[in-house]
file input_16.csv (CSV, C-alpha atoms and all ligand atoms)
chain,number,residue,atom,x,y,z
H,1,MET,CA,42.2,-64.7,-44.1
H,2,GLU,CA,39.1,-62.8,-43.0
H,3,TYR,CA,36.6,-61.6,-45.6
H,4,ASN,CA,33.6,-59.3,-45.4
H,5,THR,CA,31.6,-60.5,-48.3
H,6,ILE,CA,32.6,-64.1,-48.5
H,7,ILE,CA,32.5,-67.0,-46.1
H,8,PHE,CA,35.3,-69.5,-46.8
H,9,GLN,CA,35.4,-72.8,-45.0
H,10,VAL,CA,37.5,-75.9,-45.6
H,11,GLU,CA,36.4,-79.3,-44.3
H,12,GLU,CA,38.7,-82.2,-45.0
H,13,ALA,CA,39.7,-81.7,-48.6
H,14,VAL,CA,36.6,-79.8,-49.7
H,15,ALA,CA,36.4,-76.0,-49.6
H,16,THR,CA,33.1,-74.1,-49.6
H,17,LEU,CA,33.1,-70.4,-50.7
H,18,THR,CA,29.8,-68.7,-49.9
H,19,PHE,CA,29.0,-65.4,-51.5
H,20,ASN,CA,27.6,-63.4,-48.6
H,21,ARG,CA,26.0,-60.0,-49.2
H,22,PRO,CA,22.5,-60.7,-48.1
H,23,ILE,CA,21.7,-57.0,-48.2
H,24,ALA,CA,21.8,-57.2,-52.1
H,25,LEU,CA,21.1,-60.8,-52.9
H,26,ASN,CA,24.9,-61.5,-52.9
H,27,ALA,CA,25.4,-59.1,-55.8
H,28,ILE,CA,29.0,-58.6,-56.9
H,29,SER,CA,30.4,-55.3,-55.5
H,30,THR,CA,34.0,-54.2,-56.1
H,31,GLU,CA,34.8,-55.5,-52.6
H,32,LEU,CA,33.3,-58.9,-53.3
H,33,LEU,CA,35.1,-59.2,-56.6
H,34,ASN,CA,38.4,-58.4,-54.9
H,35,GLU,CA,37.8,-60.8,-52.1
H,36,PHE,CA,36.7,-63.5,-54.6
H,37,SER,CA,39.9,-63.1,-56.5
H,38,ASN,CA,41.9,-63.3,-53.3
H,39,VAL,CA,40.2,-66.5,-52.1
H,40,LEU,CA,40.9,-68.1,-55.5
H,41,ASP,CA,44.6,-67.2,-55.1
H,42,GLU,CA,44.5,-68.7,-51.6
H,43,ILE,CA,42.9,-71.9,-52.9
H,44,SER,CA,45.3,-72.3,-55.9
H,45,THR,CA,48.3,-72.5,-53.5
H,46,ASN,CA,46.7,-74.8,-51.0
H,47,GLU,CA,47.4,-78.4,-52.0
H,48,ALA,CA,45.2,-79.8,-49.2
H,49,ILE,CA,42.1,-78.5,-51.0
H,50,ARG,CA,40.9,-81.0,-53.7
H,51,VAL,CA,37.4,-79.6,-54.6
H,52,LEU,CA,35.8,-76.2,-54.4
H,53,ILE,CA,32.0,-75.6,-53.9
H,54,LEU,CA,30.5,-72.2,-54.7
H,55,THR,CA,27.2,-71.2,-53.2
H,56,GLY,CA,25.2,-68.1,-52.0
H,57,SER,CA,24.1,-67.3,-48.5
H,58,GLY,CA,20.4,-67.3,-47.7
H,59,GLU,CA,17.6,-69.1,-49.4
H,60,LYS,CA,16.9,-66.7,-52.2
H,61,ALA,CA,20.1,-66.1,-54.2
H,62,PHE,CA,23.3,-67.5,-55.4
H,63,VAL,CA,24.5,-64.2,-56.9
H,64,ALA,CA,22.1,-61.6,-58.4
H,65,GLY,CA,24.7,-60.2,-60.7
H,66,ALA,CA,27.0,-57.2,-60.5
H,67,ASP,CA,25.9,-54.7,-57.9
H,68,ILE,CA,23.7,-52.3,-59.9
H,69,THR,CA,24.1,-49.5,-57.4
H,70,GLU,CA,27.8,-49.4,-58.2
H,71,LEU,CA,27.3,-50.2,-61.9
H,72,ALA,CA,25.0,-47.2,-62.4
H,73,LYS,CA,27.8,-44.8,-61.4
H,74,LEU,CA,30.5,-46.1,-63.8
H,75,ASN,CA,31.8,-44.2,-66.7
H,76,ALA,CA,33.0,-46.1,-69.8
H,77,LEU,CA,36.6,-46.3,-68.6
H,78,GLN,CA,35.7,-47.5,-65.1
H,79,ALA,CA,33.3,-50.0,-66.7
H,80,LYS,CA,36.2,-51.4,-68.8
H,81,ILE,CA,38.4,-51.7,-65.7
H,82,PHE,CA,35.6,-53.4,-63.8
H,83,SER,CA,34.8,-55.8,-66.6
H,84,ALA,CA,38.5,-56.6,-67.1
H,85,GLN,CA,38.8,-57.3,-63.4
H,86,GLY,CA,35.8,-59.6,-63.6
H,87,HIS,CA,37.2,-61.4,-66.6
H,88,ARG,CA,40.6,-61.9,-64.8
H,89,THR,CA,38.8,-63.3,-61.7
H,90,ILE,CA,36.4,-65.6,-63.7
H,91,ASN,CA,39.3,-66.9,-65.8
H,92,LYS,CA,41.1,-67.6,-62.6
H,93,LEU,CA,38.0,-69.6,-61.5
H,94,GLN,CA,37.7,-71.5,-64.8
H,95,HIS,CA,41.4,-72.4,-64.7
H,96,LEU,CA,41.6,-73.2,-61.0
H,97,PRO,CA,43.6,-76.5,-61.0
H,98,ILE,CA,41.0,-78.3,-58.9
H,99,PRO,CA,37.3,-79.1,-59.8
H,100,VAL,CA,34.7,-76.5,-59.0
H,101,ILE,CA,31.0,-77.3,-58.4
H,102,ALA,CA,28.5,-74.4,-58.3
H,103,ALA,CA,25.7,-75.1,-55.9
H,104,VAL,CA,23.1,-72.7,-57.3
H,105,ASN,CA,20.6,-72.1,-54.5
H,106,GLY,CA,18.4,-69.3,-56.0
H,107,TYR,CA,18.9,-66.4,-58.4
H,108,ALA,CA,22.0,-66.7,-60.5
H,109,LEU,CA,21.7,-63.6,-62.7
H,110,GLY,CA,24.2,-61.7,-64.8
H,111,GLY,CA,27.5,-62.2,-63.1
H,112,GLY,CA,25.9,-65.0,-61.1
H,113,THR,CA,25.2,-67.0,-64.2
H,114,GLU,CA,28.7,-66.1,-65.5
H,115,ILE,CA,30.3,-67.6,-62.3
H,116,ALA,CA,28.2,-70.7,-62.8
H,117,LEU,CA,29.3,-70.9,-66.4
H,118,ALA,CA,33.0,-70.8,-65.4
H,119,SER,CA,32.5,-73.6,-62.8
H,120,ASP,CA,33.2,-77.1,-63.9
H,121,PHE,CA,29.5,-78.1,-63.4
H,122,VAL,CA,26.4,-77.0,-61.7
H,123,TYR,CA,23.9,-78.5,-59.3
H,124,ALA,CA,20.9,-76.3,-58.8
H,125,SER,CA,18.0,-76.2,-56.3
H,126,GLU,CA,14.5,-76.4,-57.7
H,127,ASN,CA,14.1,-72.7,-57.0
H,128,ALA,CA,17.2,-71.6,-58.9
H,129,VAL,CA,16.8,-69.0,-61.7
H,130,PHE,CA,19.4,-68.4,-64.4
H,131,GLY,CA,19.6,-65.5,-66.8
H,132,LEU,CA,21.7,-62.8,-68.4
H,133,PRO,CA,19.3,-59.9,-68.0
H,134,GLU,CA,21.9,-57.2,-68.7
H,135,ILE,CA,20.1,-56.1,-72.0
H,136,THR,CA,17.2,-54.9,-69.7
H,137,LEU,CA,19.7,-52.6,-68.1
H,138,GLY,CA,20.9,-51.2,-71.5
H,139,ILE,CA,24.2,-53.1,-71.3
H,140,ILE,CA,25.5,-56.6,-72.2
H,141,PRO,CA,27.1,-59.4,-70.1
H,142,GLY,CA,30.5,-58.2,-69.0
H,143,PHE,CA,32.0,-61.2,-67.2
H,144,GLY,CA,32.2,-63.6,-70.1
H,145,GLY,CA,28.5,-64.5,-70.6
H,146,THR,CA,28.3,-63.8,-74.3
H,147,GLN,CA,31.2,-66.2,-74.8
H,148,ARG,CA,30.8,-69.1,-72.3
H,149,LEU,CA,27.0,-69.4,-72.6
H,150,THR,CA,27.3,-69.6,-76.4
H,151,ARG,CA,29.9,-72.3,-76.2
H,152,LEU,CA,27.9,-74.3,-73.7
H,153,ILE,CA,24.3,-74.1,-75.1
H,154,GLY,CA,24.9,-73.0,-78.7
H,155,LEU,CA,24.6,-69.8,-80.6
H,156,ASN,CA,20.9,-69.6,-81.1
H,157,ARG,CA,19.8,-70.5,-77.6
H,158,ALA,CA,22.4,-68.1,-76.1
H,159,LYS,CA,21.3,-65.3,-78.4
H,160,GLU,CA,17.6,-65.8,-77.4
H,161,MET,CA,18.6,-65.6,-73.7
H,162,ILE,CA,20.9,-62.6,-74.1
H,163,PHE,CA,18.6,-60.6,-76.6
H,164,THR,CA,15.5,-61.1,-74.4
H,165,GLY,CA,17.1,-61.1,-71.0
H,166,LYS,CA,14.7,-63.8,-70.0
H,167,MET,CA,15.2,-65.8,-66.8
H,168,ILE,CA,14.9,-69.5,-66.9
H,169,LYS,CA,14.2,-72.0,-64.1
H,170,ALA,CA,16.4,-74.8,-63.0
H,171,ASP,CA,14.6,-77.5,-64.9
H,172,GLU,CA,14.9,-75.6,-68.2
H,173,ALA,CA,18.5,-74.8,-67.5
H,174,GLN,CA,19.1,-78.6,-67.0
H,175,THR,CA,17.3,-79.4,-70.3
H,176,ILE,CA,19.6,-77.1,-72.2
H,177,GLY,CA,22.8,-78.3,-70.5
H,178,MET,CA,23.6,-75.5,-68.1
H,179,VAL,CA,22.8,-77.7,-65.0
H,180,ASN,CA,23.8,-81.3,-64.3
H,181,LYS,CA,21.3,-82.0,-61.5
H,182,VAL,CA,18.3,-80.4,-59.9
H,183,CYS,CA,17.7,-81.0,-56.2
H,184,ALA,CA,15.1,-80.1,-53.6
H,185,PRO,CA,16.4,-76.9,-51.8
H,186,ASP,CA,17.1,-78.7,-48.5
H,187,LYS,CA,19.0,-81.4,-50.3
H,188,LEU,CA,21.2,-79.3,-52.6
H,189,MET,CA,24.3,-79.0,-50.3
H,190,GLU,CA,24.0,-82.6,-49.3
H,191,GLU,CA,24.1,-83.7,-52.9
H,192,VAL,CA,26.9,-81.4,-53.8
H,193,VAL,CA,29.0,-82.4,-50.9
H,194,LYS,CA,28.4,-86.1,-51.7
H,195,THR,CA,29.7,-85.5,-55.2
H,196,ALA,CA,32.6,-83.3,-54.0
H,197,LYS,CA,33.7,-86.1,-51.6
H,198,ILE,CA,33.6,-88.7,-54.4
H,199,ILE,CA,35.9,-86.4,-56.4
H,200,SER,CA,38.2,-85.5,-53.6
H,201,GLY,CA,38.9,-89.2,-53.0
H,202,LYS,CA,40.4,-89.6,-56.4
H,203,GLY,CA,44.0,-88.9,-57.3
H,204,ALA,CA,45.0,-85.3,-57.2
H,205,VAL,CA,47.4,-85.5,-60.2
H,206,SER,CA,44.8,-87.2,-62.5
H,207,LEU,CA,42.1,-84.8,-61.4
H,208,ARG,CA,44.2,-81.8,-62.3
H,209,ALA,CA,45.3,-83.4,-65.6
H,210,ALA,CA,41.7,-84.3,-66.6
H,211,LYS,CA,40.5,-80.7,-65.9
H,212,GLN,CA,43.4,-79.1,-67.7
H,213,VAL,CA,43.0,-81.3,-70.8
H,214,ILE,CA,39.3,-80.9,-71.0
H,215,ASN,CA,39.4,-77.1,-70.6
H,216,ASN,CA,42.3,-76.6,-73.0
H,217,GLY,CA,41.2,-79.2,-75.4
H,218,ALA,CA,37.8,-77.4,-75.8
H,219,ASN,CA,39.6,-74.5,-77.6
H,220,VAL,CA,41.7,-76.5,-80.1
H,221,ASP,CA,41.1,-79.0,-83.0
H,222,LEU,CA,40.6,-82.7,-82.1
H,223,THR,CA,44.1,-83.8,-83.2
H,224,THR,CA,45.8,-81.2,-81.0
H,225,GLY,CA,43.4,-82.0,-78.1
H,226,CYS,CA,44.2,-85.7,-78.4
H,227,GLN,CA,47.9,-85.0,-78.4
H,228,MET,CA,47.4,-82.9,-75.2
H,229,GLU,CA,45.6,-85.9,-73.7
H,230,THR,CA,48.5,-88.2,-74.6
H,231,ASP,CA,51.0,-86.0,-72.9
H,232,ALA,CA,48.9,-85.6,-69.8
H,233,PHE,CA,48.3,-89.3,-69.7
H,234,ALA,CA,52.0,-89.9,-69.7
H,235,LEU,CA,52.4,-87.4,-66.9
H,236,CYS,CA,49.8,-89.2,-64.8
H,237,MET,CA,51.6,-92.5,-65.2
H,238,ALA,CA,54.6,-90.9,-63.5
H,239,SER,CA,52.6,-90.1,-60.4
H,240,GLU,CA,52.4,-92.1,-57.1
H,241,ASP,CA,48.6,-92.1,-57.6
H,242,ALA,CA,48.8,-94.1,-60.9
H,243,TYR,CA,51.0,-96.7,-59.2
H,244,GLU,CA,48.6,-96.9,-56.3
H,245,GLY,CA,45.5,-97.0,-58.5
H,246,THR,CA,46.7,-99.7,-60.8
H,247,HIS,CA,48.3,-101.9,-58.1
H,248,ALA,CA,45.2,-101.6,-55.8
H,249,PHE,CA,43.1,-102.9,-58.7
H,250,LEU,CA,45.5,-105.9,-59.3
H,251,GLU,CA,45.6,-106.6,-55.5
H,252,LYS,CA,41.7,-106.3,-55.4
H,253,ARG,CA,41.7,-103.5,-52.8
H,254,VAL,CA,40.4,-100.0,-52.6
H,255,PRO,CA,43.1,-97.5,-53.7
H,256,GLU,CA,44.5,-95.1,-51.0
H,257,PHE,CA,45.5,-92.1,-53.0
H,258,LYS,CA,48.1,-89.9,-51.2
H,259,GLY,CA,47.4,-87.3,-53.8
H,260,SER,CA,51.0,-86.1,-53.8
H,261,LEU,CA,51.7,-83.8,-56.6
H,262,LEU,CA,55.3,-84.9,-56.4
H,263,ASN,CA,56.7,-88.1,-57.8
H,264,GLU,CA,58.7,-89.0,-54.7
H,301,LIG,N1,22.6,-55.1,-57.4
H,301,LIG,C1,22.3,-54.4,-56.3
H,301,LIG,N2,21.2,-54.7,-55.5
H,301,LIG,C2,20.5,-55.8,-55.9
H,301,LIG,C3,20.7,-56.6,-57.0
H,301,LIG,C4,21.9,-56.2,-57.8
H,301,LIG,N3,22.2,-57.0,-58.9
H,301,LIG,N4,19.8,-57.5,-57.0
H,301,LIG,C5,19.0,-57.4,-56.0
H,301,LIG,N5,19.4,-56.3,-55.3
H,301,LIG,C6,18.8,-55.7,-54.1
H,301,LIG,C7,17.5,-55.0,-54.4
H,301,LIG,O1,17.7,-53.7,-54.8
H,301,LIG,C8,16.8,-55.1,-53.0
H,301,LIG,O2,17.3,-54.1,-52.2
H,301,LIG,P1,16.4,-53.3,-51.2
H,301,LIG,O3,15.7,-54.3,-50.3
H,301,LIG,O4,17.3,-52.3,-50.5
H,301,LIG,O5,15.4,-52.6,-52.1
H,301,LIG,C9,17.2,-56.5,-52.5
H,301,LIG,O6,18.4,-56.8,-53.2
H,301,LIG,C10,16.2,-57.6,-52.7
H,301,LIG,O7,15.9,-57.6,-54.1
H,301,LIG,P2,14.4,-57.4,-54.7
H,301,LIG,O8,13.5,-56.6,-53.7
H,301,LIG,O9,14.5,-56.8,-56.1
H,301,LIG,O10,13.9,-58.9,-54.7
H,301,LIG,P3,12.8,-59.5,-55.6
H,301,LIG,O11,12.5,-60.9,-55.1
H,301,LIG,O12,11.7,-58.6,-55.9
H,301,LIG,O13,13.6,-59.7,-57.1
H,301,LIG,C11,15.4,-60.3,-58.5
H,301,LIG,C12,14.7,-60.5,-57.1
H,301,LIG,C13,14.6,-60.8,-59.6
H,301,LIG,C14,16.7,-61.1,-58.4
H,301,LIG,C15,15.7,-58.8,-58.6
H,301,LIG,O14,16.3,-58.3,-57.4
H,301,LIG,C16,16.6,-58.4,-59.8
H,301,LIG,O15,16.1,-58.4,-60.9
H,301,LIG,N6,17.8,-58.1,-59.5
H,301,LIG,C17,18.8,-57.6,-60.5
H,301,LIG,C18,19.3,-58.8,-61.4
H,301,LIG,C19,20.1,-58.3,-62.5
H,301,LIG,O16,19.7,-57.5,-63.4
H,301,LIG,N7,21.4,-58.7,-62.5
H,301,LIG,C20,22.3,-58.4,-63.5
H,301,LIG,C21,23.2,-57.3,-63.1
H,301,LIG,S1,24.3,-56.7,-64.3
H,301,LIG,C22,25.6,-57.8,-64.3
H,301,LIG,O17,25.6,-58.8,-63.6
H,301,LIG,C23,26.7,-57.6,-65.3
H,301,LIG,C24,28.0,-58.3,-64.9
H,301,LIG,C25,29.1,-57.8,-65.7
H,301,LIG,C26,29.4,-56.3,-65.3
H,301,LIG,C27,30.5,-55.7,-66.0
H,301,LIG,C28,30.6,-54.3,-65.6
H,301,LIG,C29,31.2,-53.3,-66.4

call {"tool": "encode", "arguments": {"input": "input_16.csv", "output": "C-alpha cells"}}
result
Amino acid sequence: MEYNTIIFQVEEAVATLTFNRPIALNAISTELLNEFSNVLDEISTNEAIRVLILTGSGEKAFVAGADITELAKLNALQAKIFSAQGHRTINKLQHLPIPVIAAVNGYALGGGTEIALASDFVYASENAVFGLPEITLGIIPGFGGTQRLTRLIGLNRAKEMIFTGKMIKADEAQTIGMVNKVCAPDKLMEEVVKTAKIISGKGAVSLRAAKQVINNGANVDLTTGCQMETDAFALCMASEDAYEGTHAFLEKRVPEFKGSLLNE
C-alpha cells in the first residue's frame, strides 16, 4: 500500500516504518495517524515480518508530537475523538505480536514520546530529545503518556516531567530507563538493525509468547503472571521451533528456526 506520511519498507524479516512529514518535524496529523494505524494492521497480518523498527525522516526529529496546527482547531468533542483514535492506534502498537524497536533520531515530543513508550524498547541517537510538553500548550498528554510514562519511570519522575513539560536529552532518558542504548547519530540505524536481526533470527512462536506474557503480566499480580508464563511456556513447547532449538543444542549445531506459527 502507498502512504503519504509514512515510508514503509520490509527487508528480509525486518520492517521499517519511517514517519515522514518533514514539513512539520514528522508531527502527527490526522492523515499520519490513520496511515500509522493502517500500516500496523498490515504488519499484524504479515507473518513474514518478525521485527518492526520505528524512526523519523530527516536528522532532526523522530516525531514532534501531535500536529499543533490541527490540534488548535479542535473542540472538546473532536479532541476526544482524536485522542481516542490515538489511544486505539498506540494500543495496537503496544500489542503488535512482534517486537517493536523505536530508533529515536531527534525530537520525540508529546505523541512522539508516547509512541516510543508503547514500543518494546528504545535506542536513541545522542541528539534525541524526549518530553511531554503538552502542559505548555494548556493541555495534557492525550496518547497514553500520563499512564505509560508513570508505569515506566515511576510516579514522581513522570509527574515532574509532565508538570514542567521539560525536555530531556538521550543520556538522561537512558539514566531513568526510557532508553536502552544511546548511539552516535550516524550509527543509530546500524545498531538498531543489528539488534533487530538478532531478534528476527529467533523462533517466531517464542518471541510472540514472550512479548505477550511480559506485556500482559505487567498488569496483573505475580501469581497470575507466573501462571500466564506457564501456559505460554507449554504452548511454545508444542511449536516446531522448540523442537528445533532444543535438538540443535543437543546436536551441537546452530538452530534453524522456520518460525512457523503452525504446529505441522
Ligand atoms: N505540530 C505542527 N508543526 C510543528 C510541530 C508540531 N508538533 N513541531 C514543529 N512543527 C513545525 C514548526 O511549526 C516549524 O514550521 P515552520 O517552518 O512552518 O515554521 C517546523 O516544524 C520546524 O520547527 P521549529 O522551527 O519550531 O524548529 P526548532 O528547531 O526551532 O524547534 C521543537 C524544534 C523544539 C521540536 C519545536 O518545533 C517544538 O517545540 N515543537 C512542538 C513540540 C510539542 O509541543 N509537541 C507536543 C504536541 S501536543 C501532543 O503531542 C499531544 C498528543 C496527544 C493529542 C491528543 C489530542 C486530543

call {"tool": "residues_around", "arguments": {"input": "input_16.csv", "residues": "Ala48 in chain H", "least_positions_apart": "3", "cutoff": "12 Å", "atoms": "all atoms listed in the file", "output": "short mmCIF file (atom, residue, chain, number, x, y, z; two decimals) with C-alpha atoms, keeping the file's coordinate frame"}}
result
data_model
loop_
_atom_site.label_atom_id
_atom_site.label_comp_id
_atom_site.auth_asym_id
_atom_site.auth_seq_id
_atom_site.Cartn_x
_atom_site.Cartn_y
_atom_site.Cartn_z
CA VAL H 10 37.50 -75.90 -45.60
CA GLU H 11 36.40 -79.30 -44.30
CA GLU H 12 38.70 -82.20 -45.00
CA ALA H 13 39.70 -81.70 -48.60
CA VAL H 14 36.60 -79.80 -49.70
CA ALA H 15 36.40 -76.00 -49.60
CA GLU H 42 44.50 -68.70 -51.60
CA ILE H 43 42.90 -71.90 -52.90
CA SER H 44 45.30 -72.30 -55.90
CA THR H 45 48.30 -72.50 -53.50
CA VAL H 51 37.40 -79.60 -54.60
CA LEU H 52 35.80 -76.20 -54.40
CA ILE H 98 41.00 -78.30 -58.90
CA SER H 200 38.20 -85.50 -53.60
CA GLY H 201 38.90 -89.20 -53.00
CA ALA H 204 45.00 -85.30 -57.20
CA LYS H 258 48.10 -89.90 -51.20
CA GLY H 259 47.40 -87.30 -53.80
CA SER H 260 51.00 -86.10 -53.80
CA LEU H 261 51.70 -83.80 -56.60
#

call {"tool": "closest_residue", "arguments": {"input": "input_16.csv", "among": "H:Lys80, H:His95, H:Arg50, H:Lys197", "to": "ligand LIG 301 (chain H)", "atoms": "only C-alpha atoms and all ligand atoms"}}
result
H:Lys80

call {"tool": "atom_distance", "arguments": {"input": "input_16.csv", "atom1": "CA of Ser239 in chain H", "atom2": "CA of Val205 in chain H"}}
result
6.9 Å

call {"tool": "residues_near_ligand", "arguments": {"input": "input_16.csv", "ligand": "ligand LIG 301 (chain H)", "cutoff": "9 Å", "atoms": "only C-alpha atoms and all ligand atoms", "output": "ChimeraX atom specification"}}
result
/H:22-29,60-61,63-71,74,76,78-87,106-114,129,131-137,139-145,165,167

call {"tool": "residues_around", "arguments": {"input": "input_16.csv", "residues": "Asn180 in chain H", "least_positions_apart": "5", "cutoff": "10 Å", "atoms": "only C-alpha atoms", "output": "list in words"}}
result
Phe121, Val122, Tyr123, Ala124, Ala170, Asp171, Ala173, Gln174 and Thr175 of chain H

call {"tool": "residues_around", "arguments": {"input": "input_16.csv", "residues": "range 147-155 of chain H", "least_positions_apart": "3", "cutoff": "8 Å", "atoms": "only C-alpha atoms", "output": "PyMOL selection string"}}
result
chain H and resi 114+117-118+144+158-159+176-178

call {"tool": "atom_distance", "arguments": {"input": "input_16.csv", "atom1": "CA of Ile6 in chain H", "atom2": "CA of Thr18 in chain H"}}
result
5.6 Å

call {"tool": "atom_distance", "arguments": {"input": "input_16.csv", "atom1": "CA of Tyr3 in chain H", "atom2": "CA of Asn20 in chain H"}}
result
9.7 Å

call {"tool": "closest_residue", "arguments": {"input": "input_16.csv", "among": "H:Thr164, H:Lys194, H:Glu59, H:Asn46", "to": "Asn127 in chain H", "atoms": "only C-alpha atoms"}}
result
H:Glu59

call {"tool": "closest_residue", "arguments": {"input": "input_16.csv", "among": "H:Leu207, H:Gly138, H:Thr223, H:Thr55", "to": "Ala72 in chain H", "atoms": "all atoms listed in the file"}}
result
H:Gly138

call {"tool": "closest_residue", "arguments": {"input": "input_16.csv", "among": "H:Leu54, H:Met161, H:Leu250, H:Val39", "to": "Thr16 in chain H", "atoms": "only C-alpha atoms"}}
result
H:Leu54

call {"tool": "closest_residue", "arguments": {"input": "input_16.csv", "among": "H:Asp241, H:Asn91, H:Asn156, H:Ala103", "to": "Ser57 in chain H", "atoms": "all atoms listed in the file"}}
result
H:Ala103

call {"tool": "residues_around", "arguments": {"input": "input_16.csv", "residues": "Val213 in chain H", "least_positions_apart": "5", "cutoff": "9 Å", "atoms": "all atoms listed in the file", "output": "ChimeraX atom specification"}}
result
/H:208,218,225-226,228-229,232

call {"tool": "write_last_selection", "arguments": {"input": "input_16.csv", "atoms": "C-alpha atoms", "output": "short mmCIF file (atom, residue, chain, number, x, y, z; two decimals), in the coordinates of the input"}}
result
data_model
loop_
_atom_site.label_atom_id
_atom_site.label_comp_id
_atom_site.auth_asym_id
_atom_site.auth_seq_id
_atom_site.Cartn_x
_atom_site.Cartn_y
_atom_site.Cartn_z
CA ARG H 208 44.20 -81.80 -62.30
CA ALA H 218 37.80 -77.40 -75.80
CA GLY H 225 43.40 -82.00 -78.10
CA CYS H 226 44.20 -85.70 -78.40
CA MET H 228 47.40 -82.90 -75.20
CA GLU H 229 45.60 -85.90 -73.70
CA ALA H 232 48.90 -85.60 -69.80
#

call {"tool": "closest_residue", "arguments": {"input": "input_16.csv", "among": "H:Ser37, H:Thr89, H:Asn4, H:Gln94", "to": "Asn216 in chain H", "atoms": "all atoms listed in the file"}}
result
H:Gln94

call {"tool": "decode", "arguments": {"input": "input_16.csv", "residues": "range 73-79 of chain H", "atoms": "all heavy atoms", "output": "PDB file, in the first residue's frame"}}
result
ATOM      1  N   LYS H  73      -7.442  23.699  16.398  1.00  0.00           N
ATOM      2  CA  LYS H  73      -8.790  23.944  15.865  1.00  0.00           C
ATOM      3  C   LYS H  73      -9.849  23.011  16.453  1.00  0.00           C
ATOM      4  O   LYS H  73     -11.021  23.121  16.122  1.00  0.00           O
ATOM      5  CB  LYS H  73      -8.767  23.733  14.334  1.00  0.00           C
ATOM      6  CG  LYS H  73      -7.882  24.705  13.602  1.00  0.00           C
ATOM      7  CD  LYS H  73      -7.873  24.367  12.110  1.00  0.00           C
ATOM      8  CE  LYS H  73      -6.752  25.122  11.411  1.00  0.00           C
ATOM      9  NZ  LYS H  73      -6.211  24.393  10.274  1.00  0.00           N
ATOM     10  N   LEU H  74      -9.414  22.080  17.314  1.00  0.00           N
ATOM     11  CA  LEU H  74     -10.371  21.069  17.800  1.00  0.00           C
ATOM     12  C   LEU H  74     -11.267  21.605  18.903  1.00  0.00           C
ATOM     13  O   LEU H  74     -10.796  22.293  19.808  1.00  0.00           O
ATOM     14  CB  LEU H  74      -9.605  19.844  18.352  1.00  0.00           C
ATOM     15  CG  LEU H  74      -8.681  19.078  17.414  1.00  0.00           C
ATOM     16  CD1 LEU H  74      -8.041  17.912  18.158  1.00  0.00           C
ATOM     17  CD2 LEU H  74      -9.435  18.579  16.184  1.00  0.00           C
ATOM     18  N   ASN H  75     -12.553  21.257  18.850  1.00  0.00           N
ATOM     19  CA  ASN H  75     -13.391  21.491  20.025  1.00  0.00           C
ATOM     20  C   ASN H  75     -13.268  20.262  20.930  1.00  0.00           C
ATOM     21  O   ASN H  75     -12.573  19.289  20.586  1.00  0.00           O
ATOM     22  CB  ASN H  75     -14.847  21.803  19.638  1.00  0.00           C
ATOM     23  CG  ASN H  75     -15.525  20.641  18.925  1.00  0.00           C
ATOM     24  OD1 ASN H  75     -15.222  19.476  19.201  1.00  0.00           O
ATOM     25  ND2 ASN H  75     -16.431  20.939  18.002  1.00  0.00           N
ATOM     26  N   ALA H  76     -13.949  20.289  22.087  1.00  0.00           N
ATOM     27  CA  ALA H  76     -13.748  19.224  23.082  1.00  0.00           C
ATOM     28  C   ALA H  76     -14.133  17.852  22.521  1.00  0.00           C
ATOM     29  O   ALA H  76     -13.430  16.855  22.740  1.00  0.00           O
ATOM     30  CB  ALA H  76     -14.537  19.524  24.342  1.00  0.00           C
ATOM     31  N   LEU H  77     -15.228  17.800  21.779  1.00  0.00           N
ATOM     32  CA  LEU H  77     -15.675  16.508  21.244  1.00  0.00           C
ATOM     33  C   LEU H  77     -14.688  15.980  20.206  1.00  0.00           C
ATOM     34  O   LEU H  77     -14.323  14.800  20.216  1.00  0.00           O
ATOM     35  CB  LEU H  77     -17.085  16.653  20.643  1.00  0.00           C
ATOM     36  CG  LEU H  77     -17.688  15.346  20.126  1.00  0.00           C
ATOM     37  CD1 LEU H  77     -17.797  14.309  21.243  1.00  0.00           C
ATOM     38  CD2 LEU H  77     -19.063  15.603  19.511  1.00  0.00           C
ATOM     39  N   GLN H  78     -14.246  16.880  19.327  1.00  0.00           N
ATOM     40  CA  GLN H  78     -13.265  16.455  18.312  1.00  0.00           C
ATOM     41  C   GLN H  78     -11.964  16.009  18.983  1.00  0.00           C
ATOM     42  O   GLN H  78     -11.324  15.048  18.547  1.00  0.00           O
ATOM     43  CB  GLN H  78     -12.988  17.619  17.343  1.00  0.00           C
ATOM     44  CG  GLN H  78     -14.160  17.940  16.440  1.00  0.00           C
ATOM     45  CD  GLN H  78     -14.001  19.309  15.760  1.00  0.00           C
ATOM     46  OE1 GLN H  78     -13.373  20.231  16.299  1.00  0.00           O
ATOM     47  NE2 GLN H  78     -14.568  19.431  14.570  1.00  0.00           N
ATOM     48  N   ALA H  79     -11.574  16.696  20.067  1.00  0.00           N
ATOM     49  CA  ALA H  79     -10.354  16.322  20.797  1.00  0.00           C
ATOM     50  C   ALA H  79     -10.513  14.927  21.394  1.00  0.00           C
ATOM     51  O   ALA H  79      -9.586  14.115  21.384  1.00  0.00           O
ATOM     52  CB  ALA H  79     -10.060  17.342  21.891  1.00  0.00           C
TER      53      ALA H  79
END
